[in-house]
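S.K.: For reference, the file target_16.txt (compact mmCIF, C-alpha atoms) is included below:
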# COMPACT_ATOMS: atom_id res chain seq x y z
CA MET A 1 39.97 -94.88 -39.67
CA ASN A 2 42.48 -95.91 -42.27
CA LEU A 3 45.27 -96.47 -39.78
CA ILE A 4 43.02 -98.52 -37.51
CA ASP A 5 41.97 -100.74 -40.40
CA LYS A 6 45.60 -101.23 -41.29
CA ILE A 7 46.48 -102.34 -37.76
CA GLN A 8 43.51 -104.68 -37.58
CA ASN A 9 43.88 -106.25 -41.00
CA ALA A 10 47.51 -107.07 -40.29
CA GLN A 11 46.39 -109.35 -37.47
CA ILE A 12 43.36 -111.08 -38.93
CA LYS A 13 44.07 -114.74 -39.54
CA LYS A 14 42.66 -117.05 -42.17
CA LEU A 15 41.47 -120.36 -40.79
CA PRO A 16 39.91 -123.26 -42.71
CA ASP A 17 36.40 -122.42 -43.77
CA PHE A 18 34.27 -123.98 -41.03
CA LYS A 19 30.71 -123.06 -40.20
CA VAL A 20 28.26 -123.47 -37.36
CA GLY A 21 27.29 -127.15 -37.06
CA ASP A 22 30.67 -128.48 -38.10
CA THR A 23 32.73 -130.63 -35.78
CA ILE A 24 36.24 -129.23 -35.61
CA LYS A 25 39.53 -129.90 -33.91
CA VAL A 26 41.31 -126.82 -32.59
CA ASN A 27 45.03 -127.09 -31.98
CA PHE A 28 45.59 -124.62 -29.18
CA LYS A 29 49.04 -123.62 -27.94
CA ILE A 30 49.45 -123.77 -24.19
CA VAL A 31 52.38 -122.17 -22.44
CA GLU A 32 53.52 -123.99 -19.32
CA GLY A 33 56.31 -122.04 -17.74
CA LYS A 34 58.92 -122.04 -20.48
CA THR A 35 57.73 -124.96 -22.58
CA GLU A 36 54.99 -124.70 -25.12
CA ARG A 37 52.75 -127.56 -26.17
CA ILE A 38 49.75 -127.99 -28.39
CA GLN A 39 46.48 -129.22 -27.00
CA ALA A 40 43.74 -130.44 -29.30
CA TYR A 41 40.16 -129.57 -28.46
CA GLU A 42 37.50 -131.30 -30.52
CA GLY A 43 33.85 -130.40 -30.52
CA LEU A 44 30.85 -128.89 -32.24
CA VAL A 45 30.87 -125.27 -33.37
CA ILE A 46 27.68 -123.81 -31.91
CA ALA A 47 28.25 -120.10 -32.54
CA ILE A 48 30.39 -117.66 -34.50
CA LYS A 49 30.20 -114.14 -33.16
CA ASN A 50 31.39 -110.64 -34.07
CA SER A 51 33.63 -109.72 -36.96
CA GLY A 52 37.08 -108.38 -37.63
CA ILE A 53 39.65 -108.74 -34.91
CA GLY A 54 37.03 -109.47 -32.23
CA LYS A 55 35.60 -112.50 -34.05
CA THR A 56 35.14 -115.56 -31.83
CA PHE A 57 33.75 -119.06 -32.16
CA THR A 58 32.30 -121.32 -29.48
CA VAL A 59 33.13 -125.04 -29.47
CA ARG A 60 31.04 -127.41 -27.37
CA LYS A 61 31.95 -130.92 -26.40
CA ASN A 62 30.86 -133.55 -23.97
CA SER A 63 33.60 -134.38 -21.53
CA TYR A 64 32.81 -137.38 -19.28
CA GLY A 65 29.13 -136.53 -19.22
CA VAL A 66 29.67 -132.84 -18.61
CA GLY A 67 29.07 -130.31 -21.36
CA VAL A 68 32.08 -128.05 -21.89
CA GLU A 69 32.10 -124.90 -24.00
CA ARG A 70 35.15 -122.92 -24.97
CA VAL A 71 35.24 -119.59 -26.76
CA PHE A 72 38.24 -119.07 -29.04
CA PRO A 73 39.25 -115.73 -30.55
CA TYR A 74 39.30 -116.42 -34.28
CA SER A 75 42.52 -114.53 -34.98
CA SER A 76 44.36 -115.58 -31.84
CA PRO A 77 48.06 -116.30 -32.41
CA ARG A 78 47.69 -119.18 -29.97
CA ILE A 79 45.55 -121.15 -32.39
CA ASP A 80 47.98 -123.38 -34.25
CA GLY A 81 45.42 -124.67 -36.69
CA VAL A 82 41.89 -125.94 -37.16
CA GLU A 83 40.86 -129.22 -38.76
CA ILE A 84 37.34 -129.91 -39.89
CA VAL A 85 36.37 -133.38 -38.71
CA ARG A 86 32.78 -133.49 -39.93
CA TYR A 87 30.55 -131.16 -41.87
CA GLY A 88 27.16 -130.53 -40.30
CA LYS A 89 23.83 -129.67 -41.89
CA VAL A 90 22.01 -127.06 -39.81
CA ARG A 91 19.41 -124.35 -40.43
CA ARG A 92 20.35 -122.04 -37.58
CA SER A 93 23.27 -119.68 -37.04
CA LYS A 94 23.42 -120.32 -33.29
CA LEU A 95 22.94 -123.85 -31.95
CA TYR A 96 22.24 -122.92 -28.33
CA TYR A 97 19.30 -125.37 -28.29
CA ILE A 98 21.81 -128.19 -28.21
CA ARG A 99 22.60 -127.35 -24.58
CA ASP A 100 19.18 -128.52 -23.48
CA THR A 101 19.09 -131.70 -25.52
CA ILE A 102 20.31 -135.16 -24.65
CA GLY A 103 20.64 -138.41 -26.51
CA LYS A 104 19.23 -138.67 -30.00
CA LYS A 105 18.10 -135.05 -30.12
CA ALA A 106 21.61 -133.78 -29.58
CA ARG A 107 22.75 -135.08 -32.94
CA ILE A 108 23.54 -132.93 -35.96
CA LYS A 109 22.90 -134.28 -39.45
CA GLU A 110 26.00 -134.72 -41.55
CA LEU A 111 26.35 -132.79 -44.75
CA ILE A 112 27.17 -135.55 -47.18
CA GLY A 113 29.90 -134.71 -49.63
CA GLY A 114 31.20 -131.79 -47.63
CA ARG A 115 30.99 -128.16 -48.59
CA LYS A 116 32.55 -126.34 -51.46
CA PRO A 117 35.19 -123.95 -50.24
CA MET A 118 33.95 -120.37 -50.20
CA LYS A 119 35.31 -118.03 -52.77
CA SER A 120 37.85 -115.82 -51.13
CA ALA A 121 37.11 -112.13 -51.12
CA GLU A 122 40.28 -111.24 -52.99
CA MET B 1 61.54 -87.28 -19.43
CA VAL B 2 60.83 -87.44 -23.13
CA ALA B 3 57.56 -86.35 -24.68
CA LEU B 4 55.96 -86.01 -28.10
CA ILE B 5 52.93 -84.35 -29.63
CA GLY B 6 50.52 -86.86 -31.17
CA LYS B 7 47.04 -87.19 -32.55
CA LYS B 8 44.44 -89.54 -31.15
CA ILE B 9 43.13 -91.71 -33.98
CA GLY B 10 40.76 -94.00 -32.08
CA MET B 11 40.60 -97.32 -30.30
CA THR B 12 41.00 -100.92 -31.44
CA GLN B 13 42.30 -104.23 -30.14
CA VAL B 14 45.56 -106.09 -30.69
CA PHE B 15 46.97 -109.44 -29.60
CA ASP B 16 50.00 -109.16 -27.32
CA ASP B 17 52.91 -111.63 -26.96
CA GLN B 18 50.89 -113.94 -24.74
CA GLY B 19 48.07 -114.05 -27.26
CA VAL B 20 45.75 -111.95 -25.12
CA LEU B 21 43.51 -109.43 -26.85
CA VAL B 22 44.35 -105.98 -25.46
CA PRO B 23 42.30 -102.78 -25.90
CA VAL B 24 44.52 -100.03 -27.29
CA THR B 25 44.34 -96.41 -28.37
CA VAL B 26 46.10 -95.58 -31.62
CA ILE B 27 48.11 -92.37 -31.50
CA ALA B 28 49.64 -91.07 -34.71
CA VAL B 29 52.83 -89.08 -34.37
CA GLU B 30 53.95 -86.81 -37.16
CA PRO B 31 57.58 -85.69 -37.06
CA ASN B 32 57.98 -83.35 -34.09
CA LYS B 33 60.22 -80.43 -34.98
CA VAL B 34 62.45 -78.99 -32.29
CA VAL B 35 61.66 -75.29 -32.42
CA LYS B 36 63.63 -74.03 -29.46
CA VAL B 37 65.80 -75.30 -26.65
CA LYS B 38 65.47 -73.32 -23.43
CA THR B 39 68.27 -73.41 -20.88
CA ALA B 40 68.47 -72.54 -17.21
CA GLU B 41 71.12 -69.88 -17.82
CA LYS B 42 69.13 -67.97 -20.37
CA ASP B 43 65.48 -68.71 -19.64
CA GLY B 44 65.57 -69.76 -16.00
CA TYR B 45 64.53 -73.35 -16.67
CA ASN B 46 65.31 -76.22 -19.03
CA ALA B 47 62.77 -77.05 -21.70
CA VAL B 48 62.29 -77.99 -25.32
CA VAL B 49 59.65 -76.47 -27.58
CA LEU B 50 58.17 -78.93 -30.06
CA GLY B 51 56.07 -78.14 -33.10
CA VAL B 52 53.91 -80.22 -35.41
CA GLY B 53 52.46 -79.54 -38.84
CA THR B 54 52.84 -76.62 -41.22
CA LYS B 55 50.69 -73.57 -40.82
CA LYS B 56 48.86 -72.08 -43.80
CA LYS B 57 50.69 -69.08 -45.18
CA SER B 58 47.72 -66.73 -44.79
CA HIS B 59 47.41 -67.67 -41.10
CA ILE B 60 50.97 -66.77 -40.18
CA THR B 61 51.59 -63.50 -38.39
CA LYS B 62 55.04 -61.99 -38.18
CA PRO B 63 55.33 -62.30 -34.38
CA TYR B 64 54.32 -65.96 -34.62
CA ALA B 65 56.82 -66.67 -37.37
CA GLY B 66 59.51 -64.97 -35.33
CA GLN B 67 59.58 -67.82 -32.82
CA PHE B 68 60.89 -70.27 -35.37
CA PRO B 69 64.49 -70.65 -36.47
CA GLU B 70 65.34 -69.69 -40.01
CA GLY B 71 64.39 -72.19 -42.66
CA MET B 72 61.67 -73.84 -40.60
CA ASP B 73 58.00 -73.58 -41.57
CA PRO B 74 55.85 -72.27 -38.71
CA ALA B 75 54.09 -75.19 -36.97
CA VAL B 76 50.37 -75.45 -36.28
CA ILE B 77 50.74 -76.84 -32.79
CA LEU B 78 53.39 -75.75 -30.32
CA ARG B 79 54.06 -77.44 -26.99
CA GLU B 80 56.76 -77.00 -24.39
CA VAL B 81 58.32 -79.95 -22.58
CA ARG B 82 60.19 -79.26 -19.36
CA ASP B 83 63.39 -81.12 -18.43
CA PHE B 84 63.67 -82.95 -21.72
CA THR B 85 66.21 -85.74 -21.58
CA GLY B 86 67.70 -87.06 -24.75
CA THR B 87 69.23 -85.25 -27.65
CA ALA B 88 67.25 -82.36 -29.03
CA GLU B 89 68.87 -79.85 -31.35
CA VAL B 90 67.04 -76.97 -32.92
CA GLY B 91 65.97 -77.82 -36.45
CA THR B 92 65.96 -81.59 -36.05
CA SER B 93 62.79 -83.64 -35.85
CA LEU B 94 61.82 -86.40 -33.43
CA ASP B 95 59.64 -89.44 -34.04
CA VAL B 96 58.15 -92.39 -32.17
CA SER B 97 61.49 -94.19 -31.89
CA LEU B 98 62.15 -91.80 -28.99
CA PHE B 99 59.99 -94.12 -26.88
CA GLU B 100 61.95 -97.26 -27.79
CA LYS B 101 62.94 -98.16 -24.23
CA THR B 102 59.84 -96.78 -22.53
CA ARG B 103 57.30 -99.19 -21.04
CA PHE B 104 54.82 -96.83 -19.43
CA VAL B 105 53.58 -93.41 -20.52
CA ASP B 106 51.40 -90.57 -19.29
CA VAL B 107 48.95 -88.99 -21.72
CA ILE B 108 47.77 -85.38 -21.43
CA ALA B 109 44.84 -84.08 -23.46
CA THR B 110 41.72 -81.94 -23.31
CA SER B 111 38.76 -84.14 -22.40
CA LYS B 112 35.46 -84.27 -24.26
CA GLY B 113 33.03 -81.51 -23.31
CA LYS B 114 29.89 -82.76 -21.59
CA GLY B 115 27.95 -79.50 -21.46
CA PHE B 116 25.95 -78.29 -18.45
CA GLN B 117 25.57 -81.27 -16.13
CA GLY B 118 23.89 -81.91 -12.79
CA VAL B 119 25.65 -82.94 -9.60
CA MET B 120 25.08 -86.67 -10.02
CA LYS B 121 27.03 -86.88 -13.25
CA ARG B 122 29.47 -84.09 -12.49
CA TRP B 123 30.38 -84.86 -8.88
CA ASN B 124 29.03 -88.40 -8.37
CA PHE B 125 26.40 -87.35 -5.83
CA GLY B 126 24.15 -90.19 -4.75
CA GLY B 127 20.79 -88.60 -5.50
CA GLY B 128 17.55 -89.71 -3.94
CA ARG B 129 15.03 -92.50 -4.44
CA SER B 130 13.07 -92.44 -7.64
CA THR B 131 9.93 -94.12 -6.26
CA HIS B 132 8.07 -94.81 -2.99
CA GLY B 133 6.80 -91.25 -2.68
CA SER B 134 10.20 -89.66 -2.87
CA LYS B 135 10.27 -86.09 -4.13
CA PHE B 136 14.04 -85.85 -4.07
CA HIS B 137 15.55 -87.30 -7.25
CA ARG B 138 18.66 -85.70 -8.76
CA GLU B 139 18.84 -82.43 -6.81
CA PRO B 140 22.05 -81.22 -5.14
CA GLY B 141 20.37 -80.83 -1.71
CA SER B 142 21.57 -78.38 0.89
CA THR B 143 24.41 -76.01 0.04
CA GLY B 144 25.15 -74.77 3.55
CA GLN B 145 23.98 -73.92 7.07
CA ARG B 146 21.72 -71.15 8.43
CA THR B 147 22.26 -67.80 10.21
CA TYR B 148 25.84 -68.73 10.83
CA PRO B 149 27.83 -68.77 8.48
CA HIS B 150 25.03 -67.23 6.40
CA LYS B 151 26.73 -67.95 3.10
CA THR B 152 27.57 -70.81 0.80
CA PHE B 153 31.23 -71.61 1.02
CA LYS B 154 33.42 -71.41 -2.02
CA ASN B 155 34.17 -74.58 -3.97
CA ARG B 156 30.79 -76.10 -3.10
CA LYS B 157 30.06 -78.79 -5.68
CA MET B 158 27.20 -77.62 -7.86
CA PRO B 159 25.84 -78.18 -11.37
CA GLY B 160 27.75 -76.58 -14.21
CA ARG B 161 29.91 -77.05 -17.24
CA MET B 162 31.64 -80.40 -17.27
CA GLY B 163 34.54 -81.71 -19.31
CA ARG B 164 36.74 -79.96 -21.86
CA GLU B 165 39.54 -79.56 -19.36
CA ARG B 166 43.14 -80.68 -19.28
CA VAL B 167 43.31 -84.28 -18.10
CA THR B 168 46.38 -86.40 -17.42
CA VAL B 169 46.11 -90.18 -17.40
CA GLN B 170 49.13 -91.77 -15.78
CA ASN B 171 50.94 -95.08 -16.12
CA LEU B 172 49.44 -96.42 -19.33
CA LYS B 173 51.29 -99.33 -20.84
CA LEU B 174 52.96 -98.71 -24.17
CA VAL B 175 52.00 -101.77 -26.19
CA ARG B 176 53.76 -101.12 -29.48
CA ILE B 177 55.55 -98.43 -31.43
CA ASP B 178 55.87 -98.32 -35.20
CA SER B 179 58.31 -95.68 -36.39
CA GLU B 180 57.85 -96.71 -40.02
CA ASN B 181 54.20 -95.69 -40.09
CA GLY B 182 54.54 -93.21 -37.25
CA TYR B 183 52.11 -94.46 -34.66
CA MET B 184 52.06 -95.96 -31.19
CA LEU B 185 49.58 -98.15 -29.38
CA ILE B 186 48.76 -97.34 -25.77
CA ARG B 187 46.80 -99.71 -23.59
CA GLY B 188 43.42 -98.43 -22.49
CA ALA B 189 41.54 -95.21 -23.08
CA VAL B 190 42.97 -91.73 -23.52
CA PRO B 191 41.13 -88.43 -22.88
CA GLY B 192 39.69 -86.38 -25.70
CA PRO B 193 37.73 -86.94 -28.90
CA ARG B 194 39.16 -88.52 -32.03
CA ASN B 195 41.65 -86.40 -33.95
CA CYS B 196 42.49 -84.34 -30.89
CA THR B 197 46.03 -83.34 -29.97
CA VAL B 198 47.59 -85.32 -27.15
CA MET B 199 50.90 -85.09 -25.32
CA VAL B 200 52.56 -88.42 -24.63
CA ARG B 201 55.41 -88.49 -22.14
CA THR B 202 57.29 -91.14 -20.22
CA ALA B 203 55.47 -92.02 -17.02
CA ILE B 204 56.70 -89.81 -14.23
CA LYS B 205 55.80 -92.25 -11.47
CA LYS B 206 57.34 -95.28 -13.19
CA SER B 207 60.70 -93.76 -14.05
CA LYS B 208 63.37 -93.76 -11.40
Mind converting the file's structure to structure tokens?
M.R.:
Amino acid sequence: MNLIDKIQNAQIKKLPDFKVGDTIKVNFKIVEGKTERIQAYEGLVIAIKNSGIGKTFTVRKNSYGVGVERVFPYSSPRIDGVEIVRYGKVRRSKLYYIRDTIGKKARIKELIGGRKPMKSAE
Amino acid sequence: MVALIGKKIGMTQVFDDQGVLVPVTVIAVEPNKVVKVKTAEKDGYNAVVLGVGTKKKSHITKPYAGQFPEGMDPAVILREVRDFTGTAEVGTSLDVSLFEKTRFVDVIATSKGKGFQGVMKRWNFGGGRSTHGSKFHREPGSTGQRTYPHKTFKNRKMPGRMGRERVTVQNLKLVRIDSENGYMLIRGAVPGPRNCTVMVRTAIKKSK
């Protein structure tokens, strides 16, 4: 398994330390024919799934009254960067309940003062 | 056609140039030694004999050692490749860089053994209903007619040993080669268990 680990670890990317409940802005590269441009997608992180190279996160936003969810591969080379817009205070690892809520219930409490950056594993 | 002996390491995923996550099989390739070059004049056909690994001294018999040119350690695995294109001289060794310009490959290996299996798994028979009073579930059914021909024809599909046979999977995309670490990544699955010996060759149907 050593060789497989080597191949995988070479691809795993380090993004800013966001968690479920945070509002983030994902700068996603889009290829249109020959030109490449960056599209920002801002929304609430409602799930982080899997680990290693298959790790993904789901970002939900409300676009003109319609809920939109996008799943991004965490280590995708097409992610140019991630900015954390707002830290959220939640007690769940998956915020699927937010899909069924509207109005005041659909809010997430803000974590005042932000979060200390996690110690890196190194 | 060029071919190499490799070892299946296992499967993983990699991102390709477009940023799409692709399922790949990792195949490690140790240096392939050219043991013998067969020619049409001498042997009746053109081929190259490749060998991998070094056999334990106590396992070597004299007739086995006699196949190898002088100064070469007898290999553990020997495979013959017919109509080998590209330079192959006895005594030299080949590595993954042989596949530098190849885009598609065929992989040949011995598949995993499945043991004694029934007709539904082995031959994809439909089987019968499981409920509603049915008494016909996974049986093979009839194996022939009556007084005439009064026998079951040969090659009738029946239960039996399944798997552990030579399987060729054609036209698999070669995603990446790494001659520094001696491995290649092939898109999709490859027959055989982990750590089994596989033959990787350029795709016959894709080469003109």
S.K.: Mind checking which residues fall within 10 Å of Thr152 (chain B), counting all atoms listed in the file, ignoring those fewer than 5 positions away in the same chain, and posting them as a list in words?
M.R.: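 Near neighbours after the sequence-gap exclusion: Ser142, Thr143, Gly144, Gln145 and Arg146 of chain B.
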S.K.: One number please: CA of Arg201 (chain B) to CA of Thr12 (chain B), in Å, one decimal.
M.R.: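 Answer for the CA of Arg201 (chain B) to CA of Thr12 (chain B) separation: 21.2 Å.
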S.K.: Would you work out the distance separating CA of Met199 (chain B) from CA of Gly10 (chain B), expressed in Å to one decimal?
M.R.: 15.1 Å
S.K.: Using all atoms listed in the file, find all polymer residues with an atom at most 12 Å away from the point (47.9, -99.6, -20.9); report them as a ChimeraX atom specification.
M.R.: /B:13-14,16,22-26,103-107,169-176,184-190,203
S.K.: Could you build a table of the residues in chain A lying no more than 10 Å from chain B, giving for each the nearest pair of atoms and their separation in Å rounded to one decimal place, using all atoms listed in the file, ordered by chain and ascending residue number, as JSON lines?
M.R.:
{"residue": "A:Met1", "atom": "CA", "partner": "B:Ile9", "partner_atom": "CA", "distance": 7.2}
{"residue": "A:Asn2", "atom": "CA", "partner": "B:Ile9", "partner_atom": "CA", "distance": 9.3}
{"residue": "A:Leu3", "atom": "CA", "partner": "B:Ile9", "partner_atom": "CA", "distance": 7.8}
{"residue": "A:Ile4", "atom": "CA", "partner": "B:Thr12", "partner_atom": "CA", "distance": 6.8}
{"residue": "A:Asp5", "atom": "CA", "partner": "B:Thr12", "partner_atom": "CA", "distance": 9.0}
{"residue": "A:Ile7", "atom": "CA", "partner": "B:Val14", "partner_atom": "CA", "distance": 8.1}
{"residue": "A:Gln8", "atom": "CA", "partner": "B:Val14", "partner_atom": "CA", "distance": 7.3}
{"residue": "A:Ala10", "atom": "CA", "partner": "B:Val14", "partner_atom": "CA", "distance": 9.8}
{"residue": "A:Gln11", "atom": "CA", "partner": "B:Val14", "partner_atom": "CA", "distance": 7.6}
{"residue": "A:Ile12", "atom": "CA", "partner": "B:Val14", "partner_atom": "CA", "distance": 9.9}
{"residue": "A:Lys29", "atom": "CA", "partner": "B:Gly19", "partner_atom": "CA", "distance": 9.6}
{"residue": "A:Ile30", "atom": "CA", "partner": "B:Gln18", "partner_atom": "CA", "distance": 10.0}
{"residue": "A:Val31", "atom": "CA", "partner": "B:Gln18", "partner_atom": "CA", "distance": 8.7}
{"residue": "A:Ile53", "atom": "CA", "partner": "B:Gln13", "partner_atom": "CA", "distance": 7.1}
{"residue": "A:Gly54", "atom": "CA", "partner": "B:Gln13", "partner_atom": "CA", "distance": 7.7}
{"residue": "A:Pro73", "atom": "CA", "partner": "B:Leu21", "partner_atom": "CA", "distance": 8.5}
{"residue": "A:Ser75", "atom": "CA", "partner": "B:Phe15", "partner_atom": "CA", "distance": 8.6}
{"residue": "A:Ser76", "atom": "CA", "partner": "B:Gly19", "partner_atom": "CA", "distance": 6.1}
{"residue": "A:Pro77", "atom": "CA", "partner": "B:Gly19", "partner_atom": "CA", "distance": 5.6}
{"residue": "A:Arg78", "atom": "CA", "partner": "B:Gly19", "partner_atom": "CA", "distance": 5.8}
{"residue": "A:Ile79", "atom": "CA", "partner": "B:Gly19", "partner_atom": "CA", "distance": 9.1}
S.K.: Using the selection just defined, write its residues with C-alpha atoms as a compact mmCIF listing (two decimals), in the coordinates of the input.
M.R.:
# COMPACT_ATOMS: atom_id res chain seq x y z
CA MET A 1 39.97 -94.88 -39.67
CA ASN A 2 42.48 -95.91 -42.27
CA LEU A 3 45.27 -96.47 -39.78
CA ILE A 4 43.02 -98.52 -37.51
CA ASP A 5 41.97 -100.74 -40.40
CA ILE A 7 46.48 -102.34 -37.76
CA GLN A 8 43.51 -104.68 -37.58
CA ALA A 10 47.51 -107.07 -40.29
CA GLN A 11 46.39 -109.35 -37.47
CA ILE A 12 43.36 -111.08 -38.93
CA LYS A 29 49.04 -123.62 -27.94
CA ILE A 30 49.45 -123.77 -24.19
CA VAL A 31 52.38 -122.17 -22.44
CA ILE A 53 39.65 -108.74 -34.91
CA GLY A 54 37.03 -109.47 -32.23
CA PRO A 73 39.25 -115.73 -30.55
CA SER A 75 42.52 -114.53 -34.98
CA SER A 76 44.36 -115.58 -31.84
CA PRO A 77 48.06 -116.30 -32.41
CA ARG A 78 47.69 -119.18 -29.97
CA ILE A 79 45.55 -121.15 -32.39
